[in-house]
file final_0.cif (mmCIF, C-alpha atoms)
data_target
#
loop_
_atom_site.label_atom_id
_atom_site.label_comp_id
_atom_site.auth_asym_id
_atom_site.auth_seq_id
_atom_site.Cartn_x
_atom_site.Cartn_y
_atom_site.Cartn_z
CA MET A 287 18.39 -148.69 -213.95
CA LYS A 288 17.92 -151.82 -211.85
CA ASN A 289 15.54 -154.57 -212.96
CA ASN A 290 13.28 -154.20 -209.93
CA GLU A 291 12.98 -150.47 -210.66
CA ARG A 292 12.00 -151.16 -214.29
CA ARG A 293 9.46 -153.69 -213.06
CA GLU A 294 7.86 -151.17 -210.70
CA LEU A 295 7.68 -148.52 -213.42
CA THR A 296 6.13 -151.01 -215.84
CA ARG A 297 3.41 -152.27 -213.47
CA PHE A 298 2.66 -148.90 -211.90
CA TYR A 299 -0.32 -148.16 -214.16
CA ASP A 300 -1.87 -151.59 -213.48
CA LEU A 301 -1.67 -150.93 -209.74
CA ILE A 302 -3.44 -147.61 -210.27
CA LYS A 303 -6.25 -149.28 -212.23
CA ARG A 304 -6.73 -151.79 -209.39
CA LYS A 305 -6.54 -149.01 -206.79
CA ASP A 306 -4.23 -151.21 -204.75
CA TYR A 307 -2.91 -148.38 -202.59
CA LYS A 308 -0.78 -150.60 -200.39
CA LYS A 309 1.18 -151.85 -203.41
CA ILE A 310 1.17 -148.37 -204.97
CA GLU A 311 2.80 -147.06 -201.80
CA MET A 312 5.47 -149.80 -201.95
CA SER A 313 6.01 -149.15 -205.65
CA LEU A 314 6.47 -145.41 -205.09
CA ASN A 315 8.95 -146.18 -202.34
CA THR A 316 11.07 -148.18 -204.79
CA ILE A 317 10.72 -145.64 -207.60
CA SER A 318 11.65 -142.75 -205.31
CA LYS A 319 15.17 -144.19 -205.02
CA ILE A 320 15.79 -143.95 -208.77
CA ASN A 321 18.41 -141.37 -209.67
CA ALA A 322 16.72 -139.85 -212.73
CA THR A 323 19.69 -137.65 -213.65
CA ALA A 324 21.95 -140.70 -214.12
CA ILE A 325 19.66 -142.42 -216.65
CA SER A 326 20.57 -142.23 -220.34
CA ASP A 327 19.00 -145.39 -221.83
CA PRO A 328 16.11 -144.28 -224.16
CA LYS A 329 13.87 -147.14 -223.00
CA ASP A 330 14.37 -146.23 -219.37
CA LEU A 331 13.70 -142.57 -220.14
CA ASP A 332 10.45 -143.57 -221.85
CA LEU A 333 9.47 -145.53 -218.76
CA LEU A 334 10.09 -142.46 -216.59
CA LYS A 335 8.12 -140.27 -218.95
CA GLN A 336 5.17 -142.66 -218.83
CA TYR A 337 5.50 -142.87 -215.04
CA THR A 338 5.16 -139.08 -214.80
CA LYS A 339 1.90 -139.25 -216.78
CA ASN A 340 0.66 -142.14 -214.66
CA LYS A 341 1.31 -140.12 -211.52
CA GLU A 342 -1.09 -137.45 -212.75
CA ILE A 343 -3.72 -140.13 -213.33
CA LEU A 344 -3.09 -141.46 -209.81
CA LYS A 345 -3.58 -137.98 -208.36
CA ILE A 346 -6.98 -137.57 -210.04
CA ILE A 347 -8.18 -141.02 -208.95
CA MET A 348 -6.97 -140.55 -205.38
CA ARG A 349 -8.56 -137.12 -205.08
CA ASN A 350 -11.92 -138.55 -206.14
CA ASP A 351 -11.61 -141.59 -203.87
CA ILE A 352 -10.72 -139.46 -200.86
CA LYS A 353 -13.64 -137.08 -201.47
CA PHE A 354 -15.99 -140.05 -201.82
CA LEU A 355 -14.84 -141.55 -198.52
CA LEU A 356 -15.15 -138.21 -196.73
CA CYS A 357 -18.63 -137.51 -198.11
CA ASN A 358 -19.74 -140.89 -196.82
CA LYS A 359 -18.03 -140.27 -193.46
CA ARG A 360 -15.69 -143.19 -193.93
CA LYS A 361 -12.12 -143.45 -192.74
CA ILE A 362 -9.21 -142.58 -195.04
CA HIS A 363 -6.93 -145.61 -195.02
CA LYS A 364 -3.34 -145.18 -193.90
CA GLU A 365 -1.90 -146.52 -197.17
CA MET A 366 -3.78 -143.82 -199.09
CA ILE A 367 -2.29 -141.08 -196.92
CA ASN A 368 1.18 -142.63 -197.19
CA THR A 369 0.78 -142.70 -200.97
CA VAL A 370 -0.14 -139.01 -200.99
CA LEU A 371 3.09 -138.23 -199.14
CA TYR A 372 5.14 -139.60 -202.05
CA LEU A 373 3.66 -137.06 -204.45
CA ASP A 374 4.49 -133.39 -205.05
CA ASN A 375 4.12 -130.70 -202.37
CA ALA A 376 1.25 -128.86 -204.06
CA TYR A 377 -0.80 -132.06 -204.24
CA ILE A 378 0.03 -132.98 -200.65
CA LYS A 379 -1.18 -129.57 -199.49
CA GLU A 380 -4.37 -129.87 -201.55
CA ILE A 381 -5.24 -133.30 -200.13
CA LYS A 382 -4.24 -132.25 -196.63
CA ASP A 383 -6.60 -129.27 -196.80
CA ILE A 384 -9.45 -131.42 -198.14
CA ILE A 385 -9.06 -134.02 -195.39
CA ILE A 386 -8.40 -131.65 -192.48
CA ASP A 387 -11.20 -129.24 -193.43
CA ASN A 388 -13.68 -132.08 -193.77
CA ILE A 389 -12.75 -133.63 -190.40
CA ILE A 390 -12.99 -130.25 -188.64
CA ILE A 391 -16.36 -129.44 -190.25
CA GLN A 392 -17.79 -132.81 -189.19
CA LYS A 393 -16.51 -132.44 -185.62
CA TYR A 394 -17.94 -128.95 -185.17
CA GLU A 395 -21.15 -129.55 -187.10
CA ASN A 396 -23.46 -129.02 -184.11
CA TYR A 397 -21.06 -127.32 -181.68
CA VAL A 398 -22.14 -123.68 -182.02
CA TYR A 399 -25.88 -124.39 -181.91
CA SER A 400 -25.50 -126.76 -178.96
CA MET A 401 -23.19 -124.53 -176.91
CA LYS A 402 -25.05 -121.28 -177.57
CA SER A 403 -28.18 -122.84 -176.11
CA ASN A 404 -26.33 -124.44 -173.18
CA ILE A 405 -23.89 -121.68 -172.20
CA ARG A 406 -25.52 -118.56 -170.82
CA LYS A 407 -22.89 -117.65 -168.23
CA LEU A 408 -19.10 -117.55 -168.23
CA CYS A 409 -18.94 -120.18 -165.49
CA GLU A 410 -20.68 -122.57 -167.91
CA LEU A 411 -17.68 -122.49 -170.27
CA LYS A 412 -16.65 -125.67 -168.46
CA LYS A 413 -19.24 -127.47 -170.62
CA ALA A 414 -17.50 -126.30 -173.79
CA ILE A 415 -14.08 -127.34 -172.51
CA ASP A 416 -15.40 -130.77 -171.46
CA TRP A 417 -16.86 -131.19 -174.97
CA PHE A 418 -13.53 -130.15 -176.47
CA GLU A 419 -11.49 -132.62 -174.40
CA ASN A 420 -13.82 -135.52 -175.19
CA SER A 421 -13.77 -134.61 -178.89
CA LEU A 422 -9.98 -134.27 -178.90
CA ASP A 423 -9.61 -137.74 -177.37
CA SER A 424 -11.94 -139.10 -180.06
CA LEU A 425 -9.97 -137.28 -182.75
CA ARG A 426 -6.66 -138.72 -181.54
CA LEU A 427 -8.14 -142.21 -181.47
CA ASN A 428 -9.98 -142.18 -184.80
CA GLU A 429 -7.60 -140.06 -186.87
CA SER A 430 -4.28 -141.50 -185.74
CA ASP A 431 -3.24 -142.11 -189.37
CA ILE A 432 -3.13 -138.39 -190.14
CA PRO A 433 0.55 -137.31 -190.34
CA PRO A 434 1.64 -135.14 -187.36
CA GLN A 435 3.04 -132.49 -189.75
CA TRP A 436 -0.48 -131.89 -191.06
CA ASN A 437 -1.28 -130.38 -187.67
CA LEU A 438 -4.84 -131.71 -187.36
CA GLU A 439 -4.85 -131.07 -183.61
CA GLY A 440 -3.70 -127.49 -184.16
CA ASP A 441 -6.56 -126.82 -186.59
CA PHE A 442 -9.00 -128.49 -184.22
CA VAL A 443 -7.88 -126.31 -181.28
CA PHE A 444 -7.92 -123.18 -183.45
CA LYS A 445 -11.48 -123.85 -184.62
CA PHE A 446 -12.58 -124.36 -181.02
CA CYS A 447 -10.99 -121.04 -180.04
CA VAL A 448 -12.67 -119.15 -182.89
CA LEU A 449 -16.15 -120.55 -182.19
CA THR A 450 -15.83 -120.27 -178.40
CA LYS A 451 -14.62 -116.68 -178.79
CA GLN A 452 -18.00 -115.83 -180.36
CA ILE A 453 -19.82 -117.39 -177.41
CA ILE A 454 -17.70 -115.51 -174.84
CA CYS A 455 -18.13 -112.20 -176.68
CA ASN A 456 -21.90 -112.61 -176.70
CA ILE A 457 -21.89 -113.15 -172.93
CA ILE A 458 -19.39 -110.43 -171.96
CA PHE A 459 -20.61 -107.64 -174.22
CA HIS A 460 -24.37 -108.22 -173.95
CA ASN A 461 -24.82 -108.93 -170.24
CA ASN A 462 -24.07 -107.49 -166.83
CA ILE A 463 -20.91 -109.13 -165.52
CA ASP A 464 -21.04 -110.87 -162.14
CA ASN A 465 -17.65 -111.00 -160.39
CA LYS A 466 -17.80 -114.66 -159.39
CA ASP A 467 -19.10 -115.70 -162.80
CA TYR A 468 -16.31 -113.71 -164.47
CA LEU A 469 -13.59 -115.26 -162.26
CA ASP A 470 -14.88 -118.81 -162.79
CA GLY A 471 -15.03 -118.34 -166.56
CA LEU A 472 -11.56 -116.81 -166.72
CA LYS A 473 -10.17 -119.63 -164.59
CA TYR A 474 -11.46 -122.26 -167.04
CA ILE A 475 -10.12 -120.34 -170.04
CA LEU A 476 -6.65 -119.84 -168.51
CA GLU A 477 -6.44 -123.55 -167.68
CA PHE A 478 -7.49 -124.41 -171.24
CA GLU A 479 -5.01 -122.03 -172.90
CA LYS A 480 -2.08 -123.13 -170.76
CA LYS A 481 -2.85 -126.81 -171.32
CA TYR A 482 -3.61 -126.73 -175.05
CA CYS A 483 -2.97 -123.40 -176.81
CA ASN A 484 0.54 -122.74 -175.50
CA HIS A 485 1.66 -126.14 -176.81
CA ILE A 486 -0.27 -126.23 -180.07
CA PHE A 487 0.35 -122.64 -181.17
CA SER A 488 3.99 -122.69 -180.09
CA ASP A 489 4.80 -125.88 -181.96
CA ASN A 490 2.68 -125.11 -185.01
CA CYS A 491 2.43 -121.35 -185.01
CA CYS A 492 0.72 -119.56 -187.87
CA GLU A 493 3.64 -117.11 -187.86
CA ASN A 494 6.37 -119.75 -188.19
CA ASN A 495 6.84 -119.39 -191.92
CA ASN A 496 7.06 -115.60 -191.75
CA ASN A 497 9.24 -114.82 -188.75
CA THR A 498 12.44 -116.81 -188.99
CA ASN A 499 15.29 -115.50 -191.15
CA ASN A 500 12.80 -114.35 -193.85
CA ASP A 501 13.80 -117.31 -195.99
CA LYS A 502 10.89 -118.24 -198.23
CA ASN A 503 12.50 -121.55 -199.17
CA LYS A 504 12.69 -122.78 -195.60
CA LYS A 505 10.14 -123.58 -192.95
CA ILE A 506 10.10 -124.74 -189.35
CA ILE A 507 9.35 -128.38 -188.61
CA PHE A 508 9.04 -129.41 -184.96
CA LYS A 509 10.31 -132.92 -184.32
CA ASN A 510 10.55 -135.13 -181.23
CA THR A 511 14.31 -134.69 -181.18
CA GLY A 512 14.24 -130.92 -181.30
CA VAL A 513 13.49 -128.10 -183.67
CA GLU A 514 14.77 -128.36 -187.20
CA LEU A 515 14.93 -125.83 -190.01
CA VAL A 516 14.10 -127.75 -193.17
CA GLU A 517 14.28 -126.82 -196.82
CA ASP A 518 11.24 -127.03 -199.02
CA ASN A 519 12.85 -126.71 -202.43
CA LYS A 520 14.78 -129.95 -202.89
CA SER A 521 14.05 -131.66 -206.20
CA SER A 522 13.85 -135.39 -206.76
CA LEU A 523 11.78 -137.79 -208.78
CA ASN A 524 8.93 -137.71 -206.27
CA ASP A 525 9.63 -134.35 -204.63
CA PRO A 526 9.53 -135.57 -200.99
CA LEU A 527 7.94 -133.13 -198.58
CA ASP A 528 10.48 -132.63 -195.80
CA VAL A 529 14.21 -132.96 -196.33
CA GLU A 530 16.24 -132.26 -193.21
CA THR A 531 19.24 -129.96 -193.35
CA ASP A 532 22.02 -129.49 -190.82
CA THR A 533 20.74 -126.04 -189.84
CA LYS A 534 19.13 -125.91 -186.41
CA ILE A 535 17.06 -123.10 -184.98
CA THR A 536 18.46 -121.46 -181.84
CA LYS A 537 16.75 -121.30 -178.45
CA LYS A 538 16.22 -117.57 -178.95
CA ASP A 539 14.51 -118.18 -182.31
CA LEU A 540 12.25 -120.75 -180.65
CA GLU A 541 11.28 -118.36 -177.86
CA ASP A 542 10.53 -115.65 -180.43
CA LEU A 543 8.30 -118.07 -182.32
CA LYS A 544 6.44 -118.96 -179.15
CA LYS A 545 5.76 -115.29 -178.43
CA ASN A 546 4.72 -114.43 -181.98
CA CYS A 547 1.54 -116.45 -182.29
CA LYS A 548 -1.39 -114.21 -181.43
CA HIS A 549 -3.77 -117.16 -181.24
CA ARG A 550 -2.31 -118.63 -178.06
CA LYS A 551 -4.29 -116.18 -175.91
CA MET A 552 -7.21 -115.22 -178.14
CA LEU A 553 -9.78 -116.34 -175.54
CA SER A 554 -8.27 -114.79 -172.41
CA GLN A 555 -7.82 -111.48 -174.26
CA ILE A 556 -11.61 -111.12 -174.46
CA PHE A 557 -11.66 -110.84 -170.65
CA ILE A 558 -9.35 -107.78 -170.63
CA PRO A 559 -12.12 -105.09 -170.54
CA TYR A 560 -13.14 -106.34 -167.07
CA ILE A 561 -9.70 -107.48 -165.93
CA GLU A 562 -9.84 -105.21 -162.86
CA ILE A 563 -12.10 -107.86 -161.29
CA TYR A 564 -9.31 -110.42 -161.66
CA VAL A 565 -6.61 -108.07 -160.35
CA LYS A 566 -8.60 -107.23 -157.22
CA PHE A 567 -9.19 -110.95 -156.67
CA LEU A 568 -5.44 -111.64 -156.85
CA PHE A 569 -4.78 -109.00 -154.16
CA ILE A 570 -7.16 -110.48 -151.56
CA GLU A 571 -4.33 -112.26 -149.73
CA ALA A 572 -2.10 -109.17 -149.84
CA ARG A 573 -4.80 -107.02 -148.20
CA LYS A 574 -5.08 -109.48 -145.30
CA ILE A 575 -1.43 -109.08 -144.23
CA GLU A 576 -1.08 -107.88 -140.64
CA MET A 577 1.47 -105.10 -140.33
CA ASP A 578 2.87 -106.03 -136.89
CA GLN A 579 5.85 -103.79 -136.18
CA SER A 580 7.14 -106.13 -133.46
CA LYS A 581 7.77 -108.87 -136.03
CA LYS A 582 10.95 -108.12 -137.92
CA GLU A 583 13.53 -109.88 -140.06
CA MET A 584 16.93 -108.45 -141.10
CA LYS A 585 15.84 -105.19 -139.40
CA ILE A 586 12.83 -104.94 -141.72
CA VAL A 587 9.15 -105.21 -140.72
CA CYS A 588 8.13 -108.75 -141.75
CA GLY A 589 4.77 -107.63 -143.11
CA PHE A 590 6.45 -105.78 -145.99
CA ILE A 591 8.60 -108.79 -146.88
CA GLU A 592 5.45 -110.94 -147.03
CA PHE A 593 3.68 -108.21 -149.03
CA PHE A 594 6.32 -108.10 -151.76
CA ARG A 595 6.52 -111.91 -151.86
CA ILE A 596 2.81 -112.01 -152.71
CA ILE A 597 3.25 -109.10 -155.15
CA GLY A 598 5.92 -111.13 -156.98
CA GLU A 599 3.54 -114.08 -157.34
CA ILE A 600 0.76 -111.81 -158.62
CA PHE A 601 3.16 -110.21 -161.10
CA LEU A 602 3.96 -113.64 -162.57
CA GLU A 603 0.22 -114.30 -162.97
CA ILE A 604 -0.61 -111.05 -164.76
CA GLN A 605 2.42 -111.21 -167.08
CA TYR A 606 0.53 -113.87 -169.01
CA PHE A 607 -1.94 -111.29 -170.38
CA GLU A 608 0.70 -108.97 -171.90
CA SER A 609 -1.68 -106.05 -171.41
CA GLU A 610 -0.92 -102.46 -170.37
CA LYS A 611 -4.34 -102.21 -168.80
CA ILE A 612 -3.68 -105.03 -166.34
CA TYR A 613 -0.34 -103.47 -165.33
CA GLU A 614 -2.13 -100.19 -164.59
CA TYR A 615 -4.59 -101.91 -162.27
CA PHE A 616 -1.76 -103.92 -160.72
CA LEU A 617 0.34 -100.84 -159.90
CA ALA A 618 -2.72 -99.00 -158.57
CA GLU A 619 -3.39 -101.86 -156.14
CA VAL A 620 0.27 -102.09 -155.09
CA ASN A 621 0.37 -98.34 -154.48
CA SER A 622 -2.91 -98.28 -152.54
CA ILE A 623 -2.04 -101.18 -150.23
CA ALA A 624 1.59 -100.07 -149.69
CA ILE A 625 0.48 -96.56 -148.63
CA ARG A 626 -2.06 -98.05 -146.21
CA PHE A 627 0.63 -100.27 -144.67
CA ILE A 628 3.13 -97.42 -144.40
CA GLU A 629 0.55 -95.31 -142.60
CA LYS A 630 0.28 -98.05 -139.96
CA ILE A 631 3.97 -97.74 -139.04
CA GLU A 632 4.34 -96.16 -135.60
CA HIS A 633 7.16 -93.64 -135.18
CA LYS A 634 8.67 -94.43 -131.77
CA ARG A 635 11.41 -92.27 -130.30
CA ASN A 636 14.27 -94.71 -129.86
CA PHE A 637 17.27 -95.56 -132.00
CA LYS A 638 16.41 -99.22 -132.71
CA GLU A 639 12.92 -98.38 -133.90
CA ALA A 640 14.28 -95.55 -136.07
CA VAL A 641 16.74 -97.97 -137.73
CA LEU A 642 13.91 -100.49 -138.27
CA ILE A 643 11.68 -97.86 -139.89
CA LEU A 644 14.45 -96.47 -142.12
CA ASN A 645 15.52 -99.96 -143.23
CA THR A 646 11.90 -100.88 -143.96
CA PHE A 647 11.29 -97.74 -146.02
CA SER A 648 14.56 -98.30 -147.91
CA TYR A 649 13.51 -101.90 -148.65
CA VAL A 650 10.08 -100.75 -149.87
CA GLU A 651 11.65 -98.12 -152.12
CA SER A 652 14.30 -100.37 -153.71
CA THR A 653 11.88 -103.28 -154.22
CA SER A 654 9.28 -100.96 -155.76
CA VAL A 655 11.88 -99.52 -158.16
CA ASP A 656 12.87 -103.05 -159.23
CA LEU A 657 9.22 -103.86 -159.83
CA PHE A 658 8.67 -100.74 -161.97
CA LYS A 659 11.75 -101.59 -164.03
CA LYS A 660 10.33 -105.03 -164.83
CA ILE A 661 7.11 -103.44 -166.07
CA TYR A 662 8.53 -100.47 -167.94
#
call {"tool": "encode", "arguments": {"input": "final_0.cif", "output": "structure tokens"}}
result
Amino acid sequence: MKNNERRELTRFYDLIKRKDYKKIEMSLNTISKINATAISDPKDLDLLKQYTKNKEILKIIMRNDIKFLLCNKRKIHKEMINTVLYLDNAYIKEIKDIIIDNIIIQKYENYVYSMKSNIRKLCELKKAIDWFENSLDSLRLNESDIPPQWNLEGDFVFKFCVLTKQIICNIIFHNNIDNKDYLDGLKYILEFEKKYCNHIFSDNCCENNNNTNNDKNKKIIFKNTGVELVEDNKSSLNDPLDVETDTKITKKDLEDLKKNCKHRKMLSQIFIPYIEIYVKFLFIEARKIEMDQSKKEMKIVCGFIEFFRIIGEIFLEIQYFESEKIYEYFLAEVNSIAIRFIEKIEHKRNFKEAVLILNTFSYVESTSVDLFKKIY
């Protein structure tokens, strides 16, 4: 063992007594590089044994200090968090849960009471989202020392979704629904989910640990450079949390993970019982198409080409909901409008018009079949 390593092991207990977390962090960094399996000197082994006991003392002291700071609504210093990260995984998880839970509870202390009294209509959900965005900015500013892998933002978003879901349910299931109010509320929720939930719950999905290769000793860690599969069972003197391996998750695995998390759309799913309102709204432009038989393109009536272009855009919108009910309403609208347009076609007795009509009907049939295949 090197002299500087012996020195750090010897003074480690004194640093703990002084609660000098900056120096404790530096000391742990030095000690973590010791190869314990290569040590045979009895004195050095005694130092390591005493160090192990001192670590347990450190854990007790740190736990109490962190709880004290949180109870008094004071900031957890970065060096304390960095020190925690040098300890074993079980302790890291315990401290992470204590800190994250406390921050979330403080942030949402008055949210439900305030929003329940201020939000009476779905269109007023904008107030909740404005509160969320302001609170998230504050969280990012004041809690920047929290490690990204602790997923504070993910827990914050999830808590907002759970509490806001209660508010939406109270409005939808205990009131008469006004179409404009419904559409405004759904618009705000879709914007919120696409901006925040898709990112948060894709990168830190609750299903991540259960849906990839069924390997209980591995977990998914999302990094700036890509997606890594990392092992959680490496052993060392300090049991570091995340040790990268060479194994990388595939694009298909990533897409599967993104689809698996049910929380990404927990708010928009509440709107499904009245989703026909939204579907009819999406078809407003399609209903306004003028079926002018004199306007043609590639020997097809232009109105039908425009109709299916709009239908394609609507289809992309409703796919987000992943609901059979919305597809039923969608197909009913397509069928109703298409029949009305077909009935407007005039059957003139000349060859060119006959070719135009036949080509148009063939186009309608083949495009409709392609659409049904995408749904079913």
call {"tool": "residues_around", "arguments": {"input": "final_0.cif", "residues": "Ile362 of chain A", "least_positions_apart": "5", "cutoff": "12 Å", "atoms": "only C-alpha atoms", "output": "list of chain:residue names"}}
result
A:Tyr307, A:Met348, A:Arg349, A:Asp351, A:Ile352, A:Lys353, A:Phe354, A:Leu355, A:Leu356, A:Cys357, A:Ile367, A:Asn368, A:Thr369, A:Val370, A:Ile381, A:Lys382, A:Ile384, A:Ile385, A:Ile386, A:Asn388, A:Ile389, A:Asn428, A:Glu429, A:Ser430, A:Asp431, A:Ile432
call {"tool": "closest_residue", "arguments": {"input": "final_0.cif", "among": "A:Thr450, A:Asn358, A:Ser648, A:Asn340", "to": "Tyr394 of chain A", "atoms": "only C-alpha atoms"}}
result
A:Thr450
call {"tool": "residues_around", "arguments": {"input": "final_0.cif", "residues": "segment 451-457 of chain A", "least_positions_apart": "6", "cutoff": "10 Å", "atoms": "only C-alpha atoms", "output": "PDB file with C-alpha atoms, in the coordinates of the input"}}
result
ATOM      1  CA  VAL A 398     -22.140-123.680-182.020  1.00  0.00           C
ATOM      2  CA  MET A 401     -23.190-124.530-176.910  1.00  0.00           C
ATOM      3  CA  LYS A 402     -25.050-121.280-177.570  1.00  0.00           C
ATOM      4  CA  ILE A 405     -23.890-121.680-172.200  1.00  0.00           C
ATOM      5  CA  ARG A 406     -25.520-118.560-170.820  1.00  0.00           C
ATOM      6  CA  LYS A 407     -22.890-117.650-168.230  1.00  0.00           C
ATOM      7  CA  LEU A 408     -19.100-117.550-168.230  1.00  0.00           C
ATOM      8  CA  LEU A 411     -17.680-122.490-170.270  1.00  0.00           C
ATOM      9  CA  ALA A 414     -17.500-126.300-173.790  1.00  0.00           C
ATOM     10  CA  LYS A 445     -11.480-123.850-184.620  1.00  0.00           C
ATOM     11  CA  ILE A 463     -20.910-109.130-165.520  1.00  0.00           C
ATOM     12  CA  GLY A 471     -15.030-118.340-166.560  1.00  0.00           C
ATOM     13  CA  MET A 552      -7.210-115.220-178.140  1.00  0.00           C
ATOM     14  CA  LEU A 553      -9.780-116.340-175.540  1.00  0.00           C
ATOM     15  CA  SER A 554      -8.270-114.790-172.410  1.00  0.00           C
ATOM     16  CA  GLN A 555      -7.820-111.480-174.260  1.00  0.00           C
ATOM     17  CA  ILE A 556     -11.610-111.120-174.460  1.00  0.00           C
ATOM     18  CA  PHE A 557     -11.660-110.840-170.650  1.00  0.00           C
TER      19      PHE A 557
END
call {"tool": "residues_around", "arguments": {"input": "final_0.cif", "residues": "Lys308 of chain A", "least_positions_apart": "3", "cutoff": "8 Å", "atoms": "all atoms listed in the file", "output": "PyMOL selection string"}}
result
chain A and resi 311-312+365-366
call {"tool": "closest_residue", "arguments": {"input": "final_0.cif", "among": "A:Phe637, A:Trp417, A:Tyr564, A:Trp436", "to": "Leu472 of chain A", "atoms": "all atoms listed in the file"}}
result
A:Tyr564
call {"tool": "residues_around", "arguments": {"input": "final_0.cif", "residues": "Glu571 of chain A", "least_positions_apart": "5", "cutoff": "12 Å", "atoms": "all atoms listed in the file", "output": "compact mmCIF listing (two decimals) with C-alpha atoms, in the frame of the given file"}}
result
# COMPACT_ATOMS: atom_id res chain seq x y z
CA VAL A 565 -6.61 -108.07 -160.35
CA LYS A 566 -8.60 -107.23 -157.22
CA GLU A 576 -1.08 -107.88 -140.64
CA GLU A 592 5.45 -110.94 -147.03
CA PHE A 593 3.68 -108.21 -149.03
CA PHE A 594 6.32 -108.10 -151.76
CA ARG A 595 6.52 -111.91 -151.86
CA ILE A 596 2.81 -112.01 -152.71
CA ILE A 597 3.25 -109.10 -155.15
CA GLU A 599 3.54 -114.08 -157.34
CA ILE A 600 0.76 -111.81 -158.62
CA ILE A 623 -2.04 -101.18 -150.23
call {"tool": "atom_distance", "arguments": {"input": "final_0.cif", "atom1": "atom CA of Asp332 of chain A", "atom2": "atom CA of Asp306 of chain A"}}
result
23.8 Å
call {"tool": "closest_residue", "arguments": {"input": "final_0.cif", "among": "A:Phe298, A:Tyr649, A:Tyr613, A:Tyr606", "to": "Ile310 of chain A", "atoms": "all atoms listed in the file"}}
result
A:Phe298
call {"tool": "resolve_selection", "arguments": {"input": "final_0.cif", "expression": "the PyMOL selection byres ((chain A and resi 441) around 12)", "output": "PDB file with C-alpha atoms, in the frame of the given file"}}
result
ATOM      1  CA  LYS A 382      -4.240-132.250-196.630  1.00  0.00           C
ATOM      2  CA  ASP A 383      -6.600-129.270-196.800  1.00  0.00           C
ATOM      3  CA  ILE A 385      -9.060-134.020-195.390  1.00  0.00           C
ATOM      4  CA  ILE A 386      -8.400-131.650-192.480  1.00  0.00           C
ATOM      5  CA  ASP A 387     -11.200-129.240-193.430  1.00  0.00           C
ATOM      6  CA  ASN A 388     -13.680-132.080-193.770  1.00  0.00           C
ATOM      7  CA  ILE A 389     -12.750-133.630-190.400  1.00  0.00           C
ATOM      8  CA  ILE A 390     -12.990-130.250-188.640  1.00  0.00           C
ATOM      9  CA  ILE A 391     -16.360-129.440-190.250  1.00  0.00           C
ATOM     10  CA  LYS A 393     -16.510-132.440-185.620  1.00  0.00           C
ATOM     11  CA  TYR A 394     -17.940-128.950-185.170  1.00  0.00           C
ATOM     12  CA  LEU A 422      -9.980-134.270-178.900  1.00  0.00           C
ATOM     13  CA  LEU A 425      -9.970-137.280-182.750  1.00  0.00           C
ATOM     14  CA  PRO A 434       1.640-135.140-187.360  1.00  0.00           C
ATOM     15  CA  GLN A 435       3.040-132.490-189.750  1.00  0.00           C
ATOM     16  CA  TRP A 436      -0.480-131.890-191.060  1.00  0.00           C
ATOM     17  CA  ASN A 437      -1.280-130.380-187.670  1.00  0.00           C
ATOM     18  CA  LEU A 438      -4.840-131.710-187.360  1.00  0.00           C
ATOM     19  CA  GLU A 439      -4.850-131.070-183.610  1.00  0.00           C
ATOM     20  CA  GLY A 440      -3.700-127.490-184.160  1.00  0.00           C
ATOM     21  CA  PHE A 442      -9.000-128.490-184.220  1.00  0.00           C
ATOM     22  CA  VAL A 443      -7.880-126.310-181.280  1.00  0.00           C
ATOM     23  CA  PHE A 444      -7.920-123.180-183.450  1.00  0.00           C
ATOM     24  CA  LYS A 445     -11.480-123.850-184.620  1.00  0.00           C
ATOM     25  CA  PHE A 446     -12.580-124.360-181.020  1.00  0.00           C
ATOM     26  CA  CYS A 447     -10.990-121.040-180.040  1.00  0.00           C
ATOM     27  CA  VAL A 448     -12.670-119.150-182.890  1.00  0.00           C
ATOM     28  CA  TYR A 482      -3.610-126.730-175.050  1.00  0.00           C
ATOM     29  CA  CYS A 483      -2.970-123.400-176.810  1.00  0.00           C
ATOM     30  CA  ILE A 486      -0.270-126.230-180.070  1.00  0.00           C
ATOM     31  CA  PHE A 487       0.350-122.640-181.170  1.00  0.00           C
ATOM     32  CA  ASN A 490       2.680-125.110-185.010  1.00  0.00           C
ATOM     33  CA  CYS A 491       2.430-121.350-185.010  1.00  0.00           C
ATOM     34  CA  CYS A 492       0.720-119.560-187.870  1.00  0.00           C
ATOM     35  CA  HIS A 549      -3.770-117.160-181.240  1.00  0.00           C
TER      36      HIS A 549
END
call {"tool": "atom_distance", "arguments": {"input": "final_0.cif", "atom1": "atom CA of Lys359 of chain A", "atom2": "atom CA of Gln392 of chain A"}}
result
8.6 Å
call {"tool": "atom_distance", "arguments": {"input": "final_0.cif", "atom1": "atom CA of Asp467 of chain A", "atom2": "atom CA of Cys409 of chain A"}}
result
5.2 Å
call {"tool": "residues_around", "arguments": {"input": "final_0.cif", "residues": "Glu651 of chain A", "least_positions_apart": "2", "cutoff": "12 Å", "atoms": "only C-alpha atoms", "output": "list of chain:residue names"}}
result
A:Phe590, A:Phe594, A:Asn621, A:Ala624, A:Ile625, A:Ile628, A:Leu644, A:Asn645, A:Thr646, A:Phe647, A:Ser648, A:Tyr649, A:Thr653, A:Ser654, A:Val655, A:Asp656, A:Leu657, A:Phe658
call {"tool": "resolve_selection", "arguments": {"input": "final_0.cif", "expression": "the PyMOL selection byres ((chain A and resi 581-586) around 6)", "output": "PyMOL selection string"}}
result
chain A and resi 578-580+587-588+642+645-646
call {"tool": "write_last_selection", "arguments": {"input": "final_0.cif", "atoms": "C-alpha atoms", "output": "mmCIF file, keeping the file's coordinate frame"}}
result
data_model
loop_
_atom_site.group_PDB
_atom_site.id
_atom_site.type_symbol
_atom_site.label_atom_id
_atom_site.label_comp_id
_atom_site.auth_asym_id
_atom_site.auth_seq_id
_atom_site.Cartn_x
_atom_site.Cartn_y
_atom_site.Cartn_z
ATOM 1 C CA ASP A 578 2.870 -106.030 -136.890
ATOM 2 C CA GLN A 579 5.850 -103.790 -136.180
ATOM 3 C CA SER A 580 7.140 -106.130 -133.460
ATOM 4 C CA VAL A 587 9.150 -105.210 -140.720
ATOM 5 C CA CYS A 588 8.130 -108.750 -141.750
ATOM 6 C CA LEU A 642 13.910 -100.490 -138.270
ATOM 7 C CA ASN A 645 15.520 -99.960 -143.230
ATOM 8 C CA THR A 646 11.900 -100.880 -143.960
#
